[in-house]
Amino acid sequence: MFGRLLFSPEGRERTERRDLYGLGVLQIRVRPGGWREKGRLRRSGKRLAQGGVRRVLVPEYFDQWPLLERWDLRPVDPVPFLRFHATQIVLAALNRQEIAPERAAVALRGKRVDRDMARCAQLLCPLVRQVAVSAPQGGEELSLWLRREYGLPVQPDGAEVSLAVYFDGEGAGEKDLLLWGPEPRLGEVTPQAAALAPEDRENLGLLTALWETGKIGKYQLEFT
């Protein structure tokens with residue numbers, strides 16, 4: 001079960017079951033500030049855990065995870081959501097850089113080819129000028145298959161690329177997209193669902209939870 005922790009001046013640390021865009025959550029409100037805030041968060045974490053919660057949606061910039069981790073609570077990991085939508089993120093990043101996809105060379109980099117990298121490469125090939133796959137495990141095989149299927153868009157990786165996307169591994173530069181690890185980097189690309197309330201439409205944890213549970217189809221996703 002998902003939990004949701006909200007900061008509220010009237011928070012009383014009581015759990016309540018709520019329907020959040022079709023997603024059932026166990027919600028708790030906590031009064032922020034003051035020297036007792038950490039104690040209130042500890043008690044709230046315990047109550048969420050006792051209610052069967054394992055992953056928690058939290059306010060933006062929440063930095064008190066050690067207080068919740070003692071109850072085996074953790075954040076919603078957005079990486080699977082971001083990797084599944086890697087193609088849309090790449091196209092949005094190119095658009096932000098004012099690079100037409102048909103003129104772009106995109107490098108997909110990682111230690112090995114997995115389902116997400118292969119899907120991204122396959123979807124990009126008809127849209128961009130060139131795709132470079134750089135992965136010691138499976139990269140050559142994927143490149144050969146893409147050449148057979150799409151002709152010439154696949155090239156060896158190199159410095160002359162419009163955008164590089166890292167699915168894992170080291171070496172990412174400041175301008176590269178990073179779709180793995182505890183702090184993914186999307187450049188300035190923002191996933192959003194405009195149909196949600198203003199305070200929720202760019203909440204990556206919530207978008208991920210709705211996607212995981214098959215609820216996101218009701219709300220049009222955009223990557224801008």
# chains A, B, ... in the order shown; residues from 1 in each chain; ligands from 1
call {"tool": "residues_around", "arguments": {"residues": "region 173-190 of chain A", "least_positions_apart": "3", "cutoff": "6 Å", "atoms": "only C-alpha atoms", "output": "PyMOL selection string"}}
result
chain A and resi 79+164-168+223-224
call {"tool": "write_last_selection", "arguments": {"atoms": "all heavy atoms", "output": "PDB file, in the first residue's frame"}}
result
ATOM      1  N   VAL A  79      12.550   5.876 -11.204  1.00  0.00           N
ATOM      2  CA  VAL A  79      13.411   5.425 -12.299  1.00  0.00           C
ATOM      3  C   VAL A  79      12.688   4.505 -13.289  1.00  0.00           C
ATOM      4  O   VAL A  79      12.797   4.705 -14.503  1.00  0.00           O
ATOM      5  CB  VAL A  79      14.693   4.772 -11.744  1.00  0.00           C
ATOM      6  CG1 VAL A  79      15.448   4.018 -12.847  1.00  0.00           C
ATOM      7  CG2 VAL A  79      15.601   5.841 -11.153  1.00  0.00           C
ATOM      8  N   ALA A 164      23.162  12.698 -25.035  1.00  0.00           N
ATOM      9  CA  ALA A 164      23.537  11.382 -24.507  1.00  0.00           C
ATOM     10  C   ALA A 164      22.617  11.024 -23.346  1.00  0.00           C
ATOM     11  O   ALA A 164      22.319  11.867 -22.489  1.00  0.00           O
ATOM     12  CB  ALA A 164      24.990  11.367 -24.051  1.00  0.00           C
ATOM     13  N   VAL A 165      22.187   9.760 -23.336  1.00  0.00           N
ATOM     14  CA  VAL A 165      21.285   9.273 -22.300  1.00  0.00           C
ATOM     15  C   VAL A 165      21.941   8.083 -21.607  1.00  0.00           C
ATOM     16  O   VAL A 165      22.298   7.105 -22.262  1.00  0.00           O
ATOM     17  CB  VAL A 165      19.931   8.827 -22.890  1.00  0.00           C
ATOM     18  CG1 VAL A 165      18.956   8.472 -21.776  1.00  0.00           C
ATOM     19  CG2 VAL A 165      19.353   9.915 -23.794  1.00  0.00           C
ATOM     20  N   TYR A 166      22.106   8.168 -20.298  1.00  0.00           N
ATOM     21  CA  TYR A 166      22.742   7.101 -19.526  1.00  0.00           C
ATOM     22  C   TYR A 166      21.661   6.282 -18.816  1.00  0.00           C
ATOM     23  O   TYR A 166      20.905   6.798 -17.998  1.00  0.00           O
ATOM     24  CB  TYR A 166      23.712   7.680 -18.498  1.00  0.00           C
ATOM     25  CG  TYR A 166      25.032   8.115 -19.086  1.00  0.00           C
ATOM     26  CD1 TYR A 166      25.136   9.289 -19.813  1.00  0.00           C
ATOM     27  CD2 TYR A 166      26.173   7.333 -18.940  1.00  0.00           C
ATOM     28  CE1 TYR A 166      26.339   9.693 -20.376  1.00  0.00           C
ATOM     29  CE2 TYR A 166      27.380   7.720 -19.494  1.00  0.00           C
ATOM     30  CZ  TYR A 166      27.460   8.898 -20.202  1.00  0.00           C
ATOM     31  OH  TYR A 166      28.656   9.289 -20.752  1.00  0.00           O
ATOM     32  N   PHE A 167      21.611   4.983 -19.139  1.00  0.00           N
ATOM     33  CA  PHE A 167      20.688   4.072 -18.472  1.00  0.00           C
ATOM     34  C   PHE A 167      21.330   3.436 -17.243  1.00  0.00           C
ATOM     35  O   PHE A 167      20.637   2.891 -16.396  1.00  0.00           O
ATOM     36  CB  PHE A 167      20.208   3.008 -19.456  1.00  0.00           C
ATOM     37  CG  PHE A 167      19.220   3.528 -20.459  1.00  0.00           C
ATOM     38  CD1 PHE A 167      19.646   4.237 -21.568  1.00  0.00           C
ATOM     39  CD2 PHE A 167      17.865   3.326 -20.283  1.00  0.00           C
ATOM     40  CE1 PHE A 167      18.731   4.729 -22.494  1.00  0.00           C
ATOM     41  CE2 PHE A 167      16.942   3.814 -21.196  1.00  0.00           C
ATOM     42  CZ  PHE A 167      17.388   4.522 -22.308  1.00  0.00           C
ATOM     43  N   ASP A 168      22.630   3.461 -17.160  1.00  0.00           N
ATOM     44  CA  ASP A 168      23.406   3.131 -15.970  1.00  0.00           C
ATOM     45  C   ASP A 168      24.855   3.462 -16.307  1.00  0.00           C
ATOM     46  O   ASP A 168      25.158   3.979 -17.383  1.00  0.00           O
ATOM     47  CB  ASP A 168      23.237   1.672 -15.519  1.00  0.00           C
ATOM     48  CG  ASP A 168      23.609   0.666 -16.604  1.00  0.00           C
ATOM     49  OD1 ASP A 168      24.455   0.990 -17.459  1.00  0.00           O
ATOM     50  OD2 ASP A 168      23.049  -0.448 -16.594  1.00  0.00           O
ATOM     51  N   PHE A 223       5.586  15.611 -21.518  1.00  0.00           N
ATOM     52  CA  PHE A 223       6.988  15.810 -21.147  1.00  0.00           C
ATOM     53  C   PHE A 223       7.439  17.085 -21.853  1.00  0.00           C
ATOM     54  O   PHE A 223       7.525  17.125 -23.074  1.00  0.00           O
ATOM     55  CB  PHE A 223       7.843  14.616 -21.581  1.00  0.00           C
ATOM     56  CG  PHE A 223       7.460  13.340 -20.869  1.00  0.00           C
ATOM     57  CD1 PHE A 223       6.407  12.565 -21.323  1.00  0.00           C
ATOM     58  CD2 PHE A 223       8.147  12.930 -19.738  1.00  0.00           C
ATOM     59  CE1 PHE A 223       6.033  11.403 -20.670  1.00  0.00           C
ATOM     60  CE2 PHE A 223       7.788  11.764 -19.082  1.00  0.00           C
ATOM     61  CZ  PHE A 223       6.734  10.995 -19.543  1.00  0.00           C
ATOM     62  N   THR A 224       7.664  18.129 -21.068  1.00  0.00           N
ATOM     63  CA  THR A 224       7.957  19.433 -21.656  1.00  0.00           C
ATOM     64  C   THR A 224       9.225  20.042 -21.081  1.00  0.00           C
ATOM     65  O   THR A 224       9.709  19.625 -20.060  1.00  0.00           O
ATOM     66  CB  THR A 224       6.786  20.399 -21.403  1.00  0.00           C
ATOM     67  OG1 THR A 224       6.581  20.527 -19.983  1.00  0.00           O
ATOM     68  CG2 THR A 224       5.508  19.892 -22.033  1.00  0.00           C
TER      69      THR A 224
END
call {"tool": "closest_atom_pairs", "arguments": {"of": "region 107-216 of chain A", "to": "region 3-23 of chain A", "cutoff": "10 Å", "atoms": "only C-alpha atoms", "output": "Markdown table"}}
result
| residue | atom | partner | partner_atom | distance |
| --- | --- | --- | --- | --- |
| A:Leu196 | CA | A:Tyr21 | CA | 8.0 |
| A:Ala197 | CA | A:Tyr21 | CA | 9.8 |
| A:Leu206 | CA | A:Leu20 | CA | 9.1 |
| A:Ala209 | CA | A:Leu23 | CA | 8.0 |
| A:Leu210 | CA | A:Leu23 | CA | 6.7 |
| A:Thr213 | CA | A:Leu23 | CA | 7.6 |
| A:Gly214 | CA | A:Leu23 | CA | 9.4 |
| A:Lys215 | CA | A:Gly22 | CA | 6.6 |
| A:Ile216 | CA | A:Tyr21 | CA | 8.8 |
call {"tool": "write_last_selection", "arguments": {"atoms": "N, CA and C atoms", "output": "compact mmCIF listing (two decimals), in the first residue's frame"}}
result
# COMPACT_ATOMS: atom_id res chain seq x y z
N LEU A 196 -4.40 16.80 -13.37
CA LEU A 196 -4.34 16.71 -11.92
C LEU A 196 -4.39 18.10 -11.31
N ALA A 197 -4.62 18.15 -10.01
CA ALA A 197 -4.61 19.43 -9.30
C ALA A 197 -3.25 20.10 -9.46
N LEU A 206 4.02 10.78 -7.36
CA LEU A 206 2.61 10.47 -7.60
C LEU A 206 2.40 9.97 -9.02
N ALA A 209 3.47 6.40 -9.10
CA ALA A 209 2.53 5.49 -8.43
C ALA A 209 1.29 5.27 -9.31
N LEU A 210 0.80 6.31 -9.95
CA LEU A 210 -0.36 6.16 -10.84
C LEU A 210 -0.01 5.29 -12.05
N THR A 213 0.27 1.51 -11.07
CA THR A 213 -1.00 0.86 -10.78
C THR A 213 -1.99 0.95 -11.94
N GLY A 214 -1.52 1.42 -13.09
CA GLY A 214 -2.37 1.47 -14.27
C GLY A 214 -3.40 2.58 -14.25
N LYS A 215 -3.22 3.57 -13.38
CA LYS A 215 -4.19 4.66 -13.29
C LYS A 215 -3.83 5.86 -14.16
N ILE A 216 -2.61 5.94 -14.63
CA ILE A 216 -2.15 7.14 -15.32
C ILE A 216 -2.83 7.30 -16.68
call {"tool": "residues_around", "arguments": {"residues": "region 55-57 of chain A", "least_positions_apart": "3", "cutoff": "12 Å", "atoms": "only C-alpha atoms", "output": "number ranges by chain"}}
result
A: 1-7, 20, 23, 25-29, 44-45, 48-49, 51-52, 60-62, 65, 68-69, 71-78, 200, 203-210
call {"tool": "select_by_dssp", "arguments": {"residues": "region 69-208 of chain A", "states": "strand (DSSP E or B)", "output": "list in words"}}
result
Arg74, Pro75, Ala105, Val106, Ala107, Leu108, Arg109, Arg112, Gln130, Val131, Ala132, Val133, Ser134, Gln137, Val154, Gln155, Leu163, Ala164, Val165, Tyr166, Leu177, Leu178, Arg185, Pro191, Gln192 and Ala193 of chain A
call {"tool": "residues_around", "arguments": {"residues": "Val128 (chain A)", "least_positions_apart": "6", "cutoff": "6 Å", "atoms": "only C-alpha atoms", "output": "ChimeraX atom specification"}}
result
/A:101-102,104
call {"tool": "closest_residue", "arguments": {"among": "A:Leu108, A:Ala194, A:Ala93, A:Leu221", "to": "Pro136 (chain A)", "atoms": "only C-alpha atoms"}}
result
A:Leu108
call {"tool": "atom_distance", "arguments": {"atom1": "CA of Leu91 (chain A)", "atom2": "CA of Leu127 (chain A)"}}
result
9.1 Å
call {"tool": "select_by_dssp", "arguments": {"residues": "region 7-221 of chain A", "states": "helix (DSSP H, G or I)", "output": "compact mmCIF listing (two decimals) with N, CA, C and O atoms, in the first residue's frame"}}
result
# COMPACT_ATOMS: atom_id res chain seq x y z
N GLU A 37 9.13 18.57 15.61
CA GLU A 37 8.76 18.06 14.29
C GLU A 37 9.28 16.64 14.07
O GLU A 37 8.55 15.78 13.56
N LYS A 38 10.52 16.38 14.43
CA LYS A 38 11.09 15.06 14.20
C LYS A 38 10.32 13.98 14.96
O LYS A 38 10.10 12.88 14.43
N GLY A 39 9.90 14.31 16.17
CA GLY A 39 9.11 13.34 16.92
C GLY A 39 7.77 13.07 16.26
O GLY A 39 7.30 11.93 16.22
N ARG A 40 7.16 14.11 15.74
CA ARG A 40 5.88 13.93 15.04
C ARG A 40 6.06 13.07 13.79
O ARG A 40 5.21 12.23 13.47
N LEU A 41 7.18 13.27 13.08
CA LEU A 41 7.44 12.46 11.90
C LEU A 41 7.71 11.00 12.27
O LEU A 41 7.27 10.09 11.56
N ARG A 42 8.42 10.77 13.35
CA ARG A 42 8.67 9.39 13.79
C ARG A 42 7.36 8.68 14.10
O ARG A 42 7.14 7.54 13.68
N ARG A 43 6.49 9.34 14.84
CA ARG A 43 5.21 8.73 15.20
C ARG A 43 4.35 8.48 13.96
O ARG A 43 3.70 7.44 13.84
N SER A 44 4.40 9.44 13.04
CA SER A 44 3.61 9.29 11.81
C SER A 44 4.12 8.13 10.97
O SER A 44 3.34 7.37 10.40
N GLY A 45 5.45 8.00 10.90
CA GLY A 45 6.03 6.88 10.17
C GLY A 45 5.60 5.55 10.77
O GLY A 45 5.27 4.61 10.04
N LYS A 46 5.60 5.47 12.08
CA LYS A 46 5.19 4.23 12.75
C LYS A 46 3.73 3.90 12.42
O LYS A 46 3.40 2.74 12.13
N ARG A 47 2.88 4.91 12.42
CA ARG A 47 1.46 4.67 12.16
C ARG A 47 1.23 4.23 10.71
O ARG A 47 0.40 3.37 10.44
N LEU A 48 1.98 4.82 9.79
CA LEU A 48 1.86 4.40 8.40
C LEU A 48 2.32 2.95 8.24
O LEU A 48 1.67 2.16 7.55
N ALA A 49 3.44 2.61 8.86
CA ALA A 49 3.95 1.24 8.77
C ALA A 49 2.96 0.25 9.38
O ALA A 49 2.74 -0.84 8.85
N GLN A 50 2.37 0.61 10.50
CA GLN A 50 1.39 -0.27 11.14
C GLN A 50 0.16 -0.46 10.25
O GLN A 50 -0.53 -1.47 10.36
N TRP A 65 14.08 11.51 5.48
CA TRP A 65 13.88 10.08 5.26
C TRP A 65 14.45 9.19 6.37
O TRP A 65 13.86 8.14 6.68
N PRO A 66 15.58 9.54 6.99
CA PRO A 66 16.06 8.66 8.08
C PRO A 66 15.03 8.43 9.18
O PRO A 66 15.03 7.37 9.81
N LEU A 67 14.14 9.38 9.40
CA LEU A 67 13.12 9.23 10.43
C LEU A 67 12.05 8.21 10.01
O LEU A 67 11.42 7.58 10.86
N LEU A 68 11.86 8.06 8.70
CA LEU A 68 10.86 7.11 8.21
C LEU A 68 11.47 5.75 7.92
O LEU A 68 10.80 4.71 8.02
N GLU A 69 12.74 5.75 7.55
CA GLU A 69 13.39 4.48 7.20
C GLU A 69 13.51 3.53 8.38
O GLU A 69 13.61 2.31 8.18
N VAL A 79 12.55 5.88 -11.20
CA VAL A 79 13.41 5.42 -12.30
C VAL A 79 12.69 4.51 -13.29
O VAL A 79 12.80 4.70 -14.50
N PRO A 80 11.93 3.48 -12.85
CA PRO A 80 11.23 2.65 -13.84
C PRO A 80 10.27 3.46 -14.72
O PRO A 80 10.17 3.21 -15.92
N PHE A 81 9.58 4.40 -14.13
CA PHE A 81 8.67 5.28 -14.89
C PHE A 81 9.44 6.10 -15.91
O PHE A 81 9.05 6.20 -17.08
N LEU A 82 10.56 6.68 -15.51
CA LEU A 82 11.34 7.53 -16.41
C LEU A 82 11.96 6.71 -17.53
O LEU A 82 11.98 7.14 -18.69
N ARG A 83 12.47 5.53 -17.22
CA ARG A 83 13.09 4.70 -18.25
C ARG A 83 12.05 4.22 -19.27
O ARG A 83 12.34 4.13 -20.46
N PHE A 84 10.86 3.90 -18.80
CA PHE A 84 9.80 3.47 -19.72
C PHE A 84 9.46 4.59 -20.70
O PHE A 84 9.14 4.33 -21.87
N ALA A 86 11.51 6.94 -21.72
CA ALA A 86 12.78 7.55 -22.15
C ALA A 86 12.66 8.26 -23.50
O ALA A 86 13.24 9.33 -23.70
N THR A 87 11.93 7.67 -24.43
CA THR A 87 11.82 8.28 -25.76
C THR A 87 11.16 9.64 -25.69
O THR A 87 11.64 10.62 -26.30
N GLN A 88 10.07 9.76 -24.94
CA GLN A 88 9.40 11.05 -24.80
C GLN A 88 10.31 12.07 -24.12
O GLN A 88 10.30 13.26 -24.48
N ILE A 89 11.11 11.61 -23.17
CA ILE A 89 12.02 12.51 -22.47
C ILE A 89 13.11 13.01 -23.42
O ILE A 89 13.46 14.20 -23.43
N VAL A 90 13.64 12.10 -24.25
CA VAL A 90 14.66 12.49 -25.23
C VAL A 90 14.10 13.53 -26.19
O VAL A 90 14.73 14.56 -26.47
N LEU A 91 12.92 13.28 -26.73
CA LEU A 91 12.33 14.22 -27.69
C LEU A 91 12.06 15.58 -27.05
O LEU A 91 12.27 16.63 -27.68
N ALA A 92 11.61 15.58 -25.79
CA ALA A 92 11.38 16.84 -25.10
C ALA A 92 12.69 17.58 -24.85
O ALA A 92 12.76 18.81 -24.97
N ALA A 93 13.76 16.84 -24.51
CA ALA A 93 15.06 17.46 -24.30
C ALA A 93 15.60 18.07 -25.59
O ALA A 93 16.16 19.17 -25.58
N LEU A 94 15.43 17.37 -26.70
CA LEU A 94 15.86 17.93 -27.99
C LEU A 94 15.07 19.19 -28.32
O LEU A 94 15.63 20.19 -28.81
N ASN A 95 13.79 19.15 -28.05
CA ASN A 95 12.95 20.32 -28.31
C ASN A 95 13.40 21.52 -27.49
O ASN A 95 13.43 22.66 -27.98
N ARG A 96 13.77 21.28 -26.22
CA ARG A 96 14.24 22.37 -25.37
C ARG A 96 15.55 22.97 -25.90
O ARG A 96 15.82 24.15 -25.71
N PRO A 101 14.43 16.61 -34.24
CA PRO A 101 14.79 15.19 -34.10
C PRO A 101 15.45 14.61 -35.35
O PRO A 101 16.41 13.83 -35.24
N GLU A 102 14.96 14.99 -36.53
CA GLU A 102 15.51 14.41 -37.76
C GLU A 102 16.93 14.87 -38.03
O GLU A 102 17.60 14.31 -38.91
N ARG A 103 17.43 15.82 -37.27
CA ARG A 103 18.81 16.27 -37.40
C ARG A 103 19.68 15.81 -36.23
O ARG A 103 20.87 16.12 -36.18
N ARG A 115 15.80 -4.02 -21.41
CA ARG A 115 14.54 -3.81 -22.12
C ARG A 115 14.27 -2.33 -22.38
O ARG A 115 13.81 -1.95 -23.45
N ASP A 116 14.58 -1.48 -21.40
CA ASP A 116 14.29 -0.05 -21.54
C ASP A 116 15.17 0.60 -22.61
O ASP A 116 14.69 1.40 -23.41
N MET A 117 16.45 0.26 -22.61
CA MET A 117 17.33 0.83 -23.62
C MET A 117 16.94 0.35 -25.01
O MET A 117 16.91 1.14 -25.97
N ALA A 118 16.64 -0.94 -25.13
CA ALA A 118 16.27 -1.49 -26.44
C ALA A 118 14.98 -0.84 -26.95
O ALA A 118 14.87 -0.50 -28.13
N ARG A 119 14.00 -0.65 -26.07
CA ARG A 119 12.75 -0.02 -26.47
C ARG A 119 12.99 1.41 -26.94
O ARG A 119 12.47 1.85 -27.97
N CYS A 120 13.80 2.15 -26.18
CA CYS A 120 14.10 3.53 -26.53
C CYS A 120 14.79 3.61 -27.89
O CYS A 120 14.43 4.43 -28.74
N ALA A 121 15.77 2.74 -28.12
CA ALA A 121 16.49 2.74 -29.40
C ALA A 121 15.54 2.44 -30.55
O ALA A 121 15.58 3.09 -31.60
N GLN A 122 14.68 1.45 -30.36
CA GLN A 122 13.75 1.05 -31.42
C GLN A 122 12.78 2.18 -31.75
O GLN A 122 12.48 2.43 -32.93
N LEU A 123 12.29 2.88 -30.73
CA LEU A 123 11.33 3.96 -30.97
C LEU A 123 12.00 5.20 -31.57
O LEU A 123 11.38 5.94 -32.34
N LEU A 124 13.26 5.43 -31.21
CA LEU A 124 13.96 6.61 -31.71
C LEU A 124 14.39 6.48 -33.17
O LEU A 124 14.45 7.48 -33.89
N GLY A 139 25.38 -4.31 -26.67
CA GLY A 139 25.33 -3.13 -27.52
C GLY A 139 25.53 -3.45 -28.99
O GLY A 139 24.81 -2.93 -29.85
N GLU A 140 26.52 -4.29 -29.28
CA GLU A 140 26.79 -4.63 -30.68
C GLU A 140 25.63 -5.40 -31.29
O GLU A 140 25.23 -5.13 -32.44
N GLU A 141 25.06 -6.33 -30.54
CA GLU A 141 23.94 -7.11 -31.05
C GLU A 141 22.73 -6.23 -31.33
O GLU A 141 22.07 -6.37 -32.37
N LEU A 142 22.45 -5.29 -30.43
CA LEU A 142 21.32 -4.40 -30.64
C LEU A 142 21.56 -3.51 -31.85
O LEU A 142 20.65 -3.30 -32.67
N SER A 143 22.78 -3.00 -32.00
CA SER A 143 23.10 -2.14 -33.14
C SER A 143 22.90 -2.88 -34.46
O SER A 143 22.34 -2.34 -35.42
N LEU A 144 23.36 -4.13 -34.53
CA LEU A 144 23.20 -4.92 -35.75
C LEU A 144 21.73 -5.13 -36.08
O LEU A 144 21.31 -5.03 -37.23
N TRP A 145 20.93 -5.43 -35.06
CA TRP A 145 19.51 -5.64 -35.29
C TRP A 145 18.83 -4.37 -35.77
O TRP A 145 18.01 -4.40 -36.70
N LEU A 146 19.20 -3.24 -35.16
CA LEU A 146 18.59 -1.97 -35.56
C LEU A 146 18.99 -1.59 -36.99
O LEU A 146 18.17 -1.04 -37.74
N ARG A 147 20.23 -1.89 -37.38
CA ARG A 147 20.65 -1.61 -38.75
C ARG A 147 19.82 -2.43 -39.75
O ARG A 147 19.42 -1.94 -40.79
N ARG A 148 19.58 -3.69 -39.40
CA ARG A 148 18.79 -4.54 -40.30
C ARG A 148 17.35 -4.03 -40.41
O ARG A 148 16.75 -4.07 -41.48
N GLU A 149 16.82 -3.56 -39.29
CA GLU A 149 15.42 -3.14 -39.27
C GLU A 149 15.21 -1.75 -39.86
O GLU A 149 14.22 -1.49 -40.52
N TYR A 150 16.14 -0.82 -39.59
CA TYR A 150 15.91 0.58 -39.92
C TYR A 150 16.93 1.18 -40.88
O TYR A 150 16.86 2.37 -41.19
N LEU A 204 6.47 13.85 -9.24
CA LEU A 204 7.02 12.67 -9.92
C LEU A 204 6.69 11.39 -9.18
O LEU A 204 6.41 10.35 -9.80
N GLY A 205 6.72 11.42 -7.86
CA GLY A 205 6.37 10.23 -7.09
C GLY A 205 4.93 9.81 -7.34
O GLY A 205 4.64 8.62 -7.51
N LEU A 206 4.02 10.78 -7.36
CA LEU A 206 2.61 10.47 -7.60
C LEU A 206 2.40 9.97 -9.02
O LEU A 206 1.67 8.99 -9.24
N LEU A 207 3.02 10.61 -10.01
CA LEU A 207 2.90 10.14 -11.39
C LEU A 207 3.40 8.71 -11.52
O LEU A 207 2.79 7.89 -12.21
N THR A 208 4.48 8.39 -10.83
CA THR A 208 5.02 7.04 -10.86
C THR A 208 4.05 6.04 -10.25
O THR A 208 3.80 4.96 -10.80
N ALA A 209 3.47 6.40 -9.10
CA ALA A 209 2.53 5.49 -8.43
C ALA A 209 1.29 5.27 -9.31
O ALA A 209 0.79 4.14 -9.40
N LEU A 210 0.80 6.31 -9.95
CA LEU A 210 -0.36 6.16 -10.84
C LEU A 210 -0.01 5.29 -12.05
O LEU A 210 -0.82 4.48 -12.51
N TRP A 211 1.21 5.46 -12.55
CA TRP A 211 1.66 4.64 -13.68
C TRP A 211 1.81 3.18 -13.27
O TRP A 211 1.36 2.27 -13.98
N GLU A 212 2.42 2.93 -12.12
CA GLU A 212 2.63 1.55 -11.64
C GLU A 212 1.31 0.81 -11.50
O GLU A 212 1.23 -0.40 -11.76
N ILE A 216 -2.61 5.94 -14.63
CA ILE A 216 -2.15 7.14 -15.32
C ILE A 216 -2.83 7.30 -16.68
O ILE A 216 -2.89 8.41 -17.22
N GLY A 217 -3.39 6.22 -17.23
CA GLY A 217 -4.04 6.31 -18.53
C GLY A 217 -5.20 7.27 -18.57
O GLY A 217 -5.58 7.77 -19.63
N LYS A 218 -5.79 7.56 -17.41
CA LYS A 218 -6.91 8.50 -17.35
C LYS A 218 -6.45 9.95 -17.50
O LYS A 218 -7.26 10.84 -17.74
call {"tool": "atom_distance", "arguments": {"atom1": "CA of Asp157 (chain A)", "atom2": "CA of Pro191 (chain A)"}}
result
27.6 Å
call {"tool": "decode", "arguments": {"residues": "region 47-90 of chain A", "atoms": "C-alpha atoms", "output": "CSV table (one decimal), in the first residue's frame"}}
result
chain,number,residue,atom,x,y,z
A,47,ARG,CA,1.5,4.7,12.2
A,48,LEU,CA,1.9,4.4,8.4
A,49,ALA,CA,3.9,1.2,8.8
A,50,GLN,CA,1.4,-0.3,11.1
A,51,GLY,CA,-1.2,0.4,8.5
A,52,GLY,CA,0.7,-1.7,5.9
A,53,VAL,CA,2.4,1.1,4.1
A,54,ARG,CA,5.8,0.5,2.5
A,55,ARG,CA,6.3,3.4,0.1
A,56,VAL,CA,5.4,7.0,0.9
A,57,LEU,CA,4.5,10.0,-1.2
A,58,VAL,CA,6.0,13.1,0.6
A,59,PRO,CA,6.1,16.8,0.1
A,60,GLU,CA,8.5,18.3,-2.4
A,61,TYR,CA,12.1,18.7,-1.0
A,62,PHE,CA,11.3,16.4,1.9
A,63,ASP,CA,14.7,15.6,3.6
A,64,GLN,CA,13.8,13.6,6.7
A,65,TRP,CA,13.9,10.1,5.3
A,66,PRO,CA,16.1,8.7,8.1
A,67,LEU,CA,13.1,9.2,10.4
A,68,LEU,CA,10.9,7.1,8.2
A,69,GLU,CA,13.4,4.5,7.2
A,70,ARG,CA,13.5,3.2,10.7
A,71,TRP,CA,10.0,1.8,10.0
A,72,ASP,CA,11.2,0.4,6.7
A,73,LEU,CA,9.4,3.1,4.7
A,74,ARG,CA,10.9,4.3,1.5
A,75,PRO,CA,10.1,6.8,-1.3
A,76,VAL,CA,8.5,5.8,-4.6
A,77,ASP,CA,11.3,5.2,-7.0
A,78,PRO,CA,10.6,7.1,-10.3
A,79,VAL,CA,13.4,5.4,-12.3
A,80,PRO,CA,11.2,2.7,-13.8
A,81,PHE,CA,8.7,5.3,-14.9
A,82,LEU,CA,11.3,7.5,-16.4
A,83,ARG,CA,13.1,4.7,-18.3
A,84,PHE,CA,9.8,3.5,-19.7
A,85,HIS,CA,9.2,7.0,-21.1
A,86,ALA,CA,12.8,7.6,-22.2
A,87,THR,CA,11.8,8.3,-25.8
A,88,GLN,CA,9.4,11.1,-24.8
A,89,ILE,CA,12.0,12.5,-22.5
A,90,VAL,CA,14.7,12.5,-25.2
